[in-house]
file input.cif (mmCIF, C-alpha atoms)
data_final
loop_
_atom_site.label_atom_id
_atom_site.label_comp_id
_atom_site.auth_asym_id
_atom_site.auth_seq_id
_atom_site.Cartn_x
_atom_site.Cartn_y
_atom_site.Cartn_z
CA MET A 3 76.77 -39.36 -33.60
CA LYS A 4 73.31 -38.49 -32.28
CA LYS A 5 73.97 -40.26 -28.98
CA VAL A 6 77.13 -38.21 -28.41
CA GLN A 7 75.20 -34.99 -29.09
CA ARG A 8 72.45 -36.02 -26.68
CA VAL A 9 74.95 -36.83 -23.92
CA LYS A 10 76.63 -33.44 -24.43
CA TYR A 11 73.26 -31.68 -24.45
CA LEU A 12 72.20 -33.35 -21.19
CA LYS A 13 75.53 -32.53 -19.56
CA ASP A 14 75.26 -28.86 -20.59
CA TYR A 15 71.62 -28.75 -19.46
CA LYS A 16 72.47 -30.15 -16.01
CA LEU A 17 75.30 -27.64 -15.55
CA LYS A 18 73.05 -24.71 -16.56
CA ARG A 19 70.24 -25.96 -14.31
CA LYS A 20 72.57 -26.23 -11.30
CA LYS A 21 73.20 -22.47 -11.52
CA HIS A 22 69.49 -21.65 -11.23
CA ILE A 23 67.92 -24.45 -9.22
CA LYS A 24 69.00 -26.03 -5.95
CA GLU A 25 67.59 -29.31 -4.76
CA LEU A 26 66.75 -30.03 -1.15
CA LYS A 27 65.91 -33.57 -0.15
CA ILE A 28 64.01 -34.48 3.01
CA THR A 29 62.97 -37.82 4.41
CA LEU A 30 59.47 -38.33 5.79
CA SER A 31 57.79 -41.30 7.38
CA VAL A 32 54.79 -42.69 5.54
CA LYS A 33 52.47 -41.08 8.12
CA GLU A 34 54.15 -37.68 7.71
CA TYR A 35 53.95 -37.94 3.94
CA GLU A 36 50.26 -38.83 4.10
CA VAL A 37 49.60 -35.76 6.26
CA PHE A 38 51.27 -33.52 3.67
CA LYS A 39 49.57 -35.33 0.79
CA LYS A 40 46.13 -34.87 2.38
CA GLU A 41 46.82 -31.19 3.07
CA ALA A 42 48.16 -30.66 -0.47
CA THR A 43 44.92 -31.92 -1.98
CA LYS A 44 43.06 -29.12 -0.17
CA TYR A 45 45.22 -26.62 -2.06
CA GLY A 46 45.21 -28.52 -5.33
CA ILE A 47 49.01 -28.87 -5.41
CA THR A 48 51.65 -31.53 -4.86
CA PRO A 49 53.11 -32.30 -1.42
CA ASN A 50 56.48 -30.89 -2.56
CA LYS A 51 54.92 -27.59 -3.61
CA LEU A 52 52.93 -27.49 -0.35
CA ILE A 53 56.09 -27.85 1.75
CA ILE A 54 57.80 -25.09 -0.25
CA ASN A 55 54.75 -22.81 0.09
CA GLN A 56 54.46 -23.49 3.82
CA ALA A 57 58.14 -22.78 4.40
CA LEU A 58 57.97 -19.50 2.49
CA ALA A 59 54.68 -18.50 4.15
CA TYR A 60 56.17 -19.20 7.58
CA LYS A 61 59.27 -17.18 6.73
CA ASN A 62 57.16 -14.25 5.51
CA SER A 63 54.49 -14.61 8.25
CA ASN A 64 51.74 -15.15 5.66
CA TYR A 65 48.78 -17.49 5.51
CA LEU A 66 48.39 -20.32 3.08
CA VAL A 67 44.73 -20.04 2.18
CA PRO A 68 43.04 -23.17 0.76
CA LYS A 69 41.45 -22.73 -2.66
CA SER A 70 37.89 -22.95 -1.33
CA ILE A 71 38.47 -20.26 1.29
CA ASP A 72 40.43 -18.10 -1.15
CA GLU A 73 37.52 -18.18 -3.60
CA ASP A 74 35.08 -17.34 -0.80
CA LEU A 75 37.22 -14.40 0.32
CA LYS A 76 37.47 -13.08 -3.24
CA GLN A 77 33.69 -13.34 -3.54
CA LEU A 78 33.32 -11.52 -0.21
CA ILE A 79 35.56 -8.68 -1.37
CA PHE A 80 33.57 -8.51 -4.62
CA LEU A 81 30.33 -8.21 -2.61
CA PHE A 82 31.83 -5.46 -0.40
CA ARG A 83 32.70 -3.49 -3.52
CA ASN A 84 29.20 -3.97 -4.93
CA ILE A 85 27.68 -2.73 -1.67
CA ALA A 86 29.98 0.30 -1.74
CA ASN A 87 28.95 0.99 -5.33
CA ASN A 88 25.27 0.81 -4.37
CA ILE A 89 25.84 3.24 -1.50
CA ASN A 90 27.62 5.61 -3.88
CA GLN A 91 24.58 5.46 -6.15
CA ILE A 92 22.34 6.27 -3.18
CA ALA A 93 24.57 9.22 -2.32
CA LYS A 94 24.47 10.48 -5.90
CA HIS A 95 20.68 10.11 -5.93
CA SER A 96 20.36 12.02 -2.65
CA ASN A 97 22.58 14.83 -4.00
CA ILE A 98 20.47 15.11 -7.13
CA PHE A 99 17.24 15.46 -5.13
CA LYS A 100 18.90 17.59 -2.43
CA LYS A 101 18.06 15.17 0.36
CA LEU A 102 20.98 14.47 2.63
CA ILE A 103 21.64 10.86 3.49
CA GLY A 104 24.55 10.05 5.81
CA THR A 105 26.46 7.67 3.56
CA ASN A 106 30.00 8.77 4.40
CA LYS A 107 30.07 6.72 7.58
CA ILE A 108 28.72 3.64 5.75
CA VAL A 109 31.33 3.92 2.98
CA THR A 110 34.09 4.41 5.55
CA ASN A 111 32.97 1.33 7.50
CA LEU A 112 32.83 -0.76 4.33
CA ALA A 113 36.33 0.35 3.36
CA THR A 114 37.57 -0.57 6.84
CA LEU A 115 35.88 -3.96 6.59
CA GLU A 116 37.42 -4.65 3.17
CA LYS A 117 40.85 -3.61 4.46
CA SER A 118 40.48 -5.96 7.44
CA VAL A 119 39.62 -8.90 5.19
CA ILE A 120 42.59 -8.20 2.92
CA GLU A 121 44.94 -7.91 5.92
CA PHE A 122 43.55 -11.17 7.29
CA ILE A 123 44.41 -12.89 4.02
CA LYS A 124 47.95 -11.53 3.95
CA LYS A 125 49.06 -11.81 7.61
CA PRO A 126 48.36 -14.46 10.24
CA LEU A 127 47.14 -13.44 13.65
CA LEU A 128 50.11 -13.47 16.02
CA SER A 129 48.04 -14.79 18.92
CA SER A 130 46.97 -17.88 16.96
CA THR A 131 50.56 -18.80 16.12
CA LYS A 132 51.59 -18.40 19.76
CA GLU A 133 48.75 -20.67 20.84
CA ASP A 134 49.80 -23.25 18.26
CA ASP A 135 53.40 -23.07 19.52
CA SER A 136 52.34 -23.57 23.12
CA LYS A 137 50.48 -26.78 22.17
CA LYS A 138 53.63 -28.33 20.70
CA PRO A 139 55.50 -30.84 22.92
#

call {"tool": "encode", "arguments": {"input": "input.cif", "output": "structure tokens"}}
result
Amino acid sequence: MKKVQRVKYLKDYKLKRKKHIKELKITLSVKEYEVFKKEATKYGITPNKLIINQALAYKNSNYLVPKSIDEDLKQLIFLFRNIANNINQIAKHSNIFKKLIGTNKIVTNLATLEKSVIEFIKKPLLSSTKEDDSKKP
């Protein structure tokens, strides 16, 4: 009786899964697979997940940022925010002692720099993708 229940369960599970998940199968040469496998290790994911991420990133014109670079960029943004905080403290100090220090321009430049880094993370440069396309046979 248990075997019949298991077979029914698996059949029901497969039918339910088909409604929510679609499978796509591709064939790669060993060399192609090794290229994806090597690249996937940079991101800490499987080759299948890498291919999915690359396809979606290409569709949405986004970058896939390797873990090491992503961590560096997050650290960079953290440092920008710390610098901005320090400048705000300098401005507060100068207001308390009635000495004017031109910090508005510095804060504005830091905000622009942070915005540029965030945009760089989210969108690829169009010129670099055109150059890559022109190198293809």

call {"tool": "residues_around", "arguments": {"input": "input.cif", "residues": "Val37 of chain A", "least_positions_apart": "5", "cutoff": "12 Å", "atoms": "only C-alpha atoms", "output": "PyMOL selection string"}}
result
chain A and resi 30-32+42-44+49+52-53

call {"tool": "closest_residue", "arguments": {"input": "input.cif", "among": "A:Val9, A:Ile47, A:Ile92, A:Ile79", "to": "Thr114 of chain A", "atoms": "all atoms listed in the file"}}
result
A:Ile79

call {"tool": "resolve_selection", "arguments": {"input": "input.cif", "expression": "the PyMOL selection byres ((chain A and resi 83-91) around 12)", "output": "mmCIF file with C-alpha atoms, keeping the file's coordinate frame"}}
result
data_model
loop_
_atom_site.group_PDB
_atom_site.id
_atom_site.type_symbol
_atom_site.label_atom_id
_atom_site.label_comp_id
_atom_site.auth_asym_id
_atom_site.auth_seq_id
_atom_site.Cartn_x
_atom_site.Cartn_y
_atom_site.Cartn_z
ATOM 1 C CA LYS A 76 37.470 -13.080 -3.240
ATOM 2 C CA GLN A 77 33.690 -13.340 -3.540
ATOM 3 C CA LEU A 78 33.320 -11.520 -0.210
ATOM 4 C CA ILE A 79 35.560 -8.680 -1.370
ATOM 5 C CA PHE A 80 33.570 -8.510 -4.620
ATOM 6 C CA LEU A 81 30.330 -8.210 -2.610
ATOM 7 C CA PHE A 82 31.830 -5.460 -0.400
ATOM 8 C CA ILE A 92 22.340 6.270 -3.180
ATOM 9 C CA ALA A 93 24.570 9.220 -2.320
ATOM 10 C CA LYS A 94 24.470 10.480 -5.900
ATOM 11 C CA HIS A 95 20.680 10.110 -5.930
ATOM 12 C CA SER A 96 20.360 12.020 -2.650
ATOM 13 C CA ASN A 97 22.580 14.830 -4.000
ATOM 14 C CA ILE A 98 20.470 15.110 -7.130
ATOM 15 C CA ILE A 103 21.640 10.860 3.490
ATOM 16 C CA GLY A 104 24.550 10.050 5.810
ATOM 17 C CA THR A 105 26.460 7.670 3.560
ATOM 18 C CA ASN A 106 30.000 8.770 4.400
ATOM 19 C CA LYS A 107 30.070 6.720 7.580
ATOM 20 C CA ILE A 108 28.720 3.640 5.750
ATOM 21 C CA VAL A 109 31.330 3.920 2.980
ATOM 22 C CA THR A 110 34.090 4.410 5.550
ATOM 23 C CA ASN A 111 32.970 1.330 7.500
ATOM 24 C CA LEU A 112 32.830 -0.760 4.330
ATOM 25 C CA ALA A 113 36.330 0.350 3.360
ATOM 26 C CA THR A 114 37.570 -0.570 6.840
ATOM 27 C CA LEU A 115 35.880 -3.960 6.590
ATOM 28 C CA GLU A 116 37.420 -4.650 3.170
ATOM 29 C CA LYS A 117 40.850 -3.610 4.460
#

call {"tool": "atom_distance", "arguments": {"input": "input.cif", "atom1": "atom CA of Pro68 of chain A", "atom2": "atom CA of Tyr45 of chain A"}}
result
5.0 Å

call {"tool": "closest_residue", "arguments": {"input": "input.cif", "among": "A:Leu12, A:Leu75, A:Leu58, A:Leu26", "to": "Phe122 of chain A", "atoms": "all atoms listed in the file"}}
result
A:Leu75

call {"tool": "atom_distance", "arguments": {"input": "input.cif", "atom1": "atom CA of Glu41 of chain A", "atom2": "atom CA of Lys24 of chain A"}}
result
24.5 Å

call {"tool": "atom_distance", "arguments": {"input": "input.cif", "atom1": "atom CA of Tyr65 of chain A", "atom2": "atom CA of Glu36 of chain A"}}
result
21.4 Å
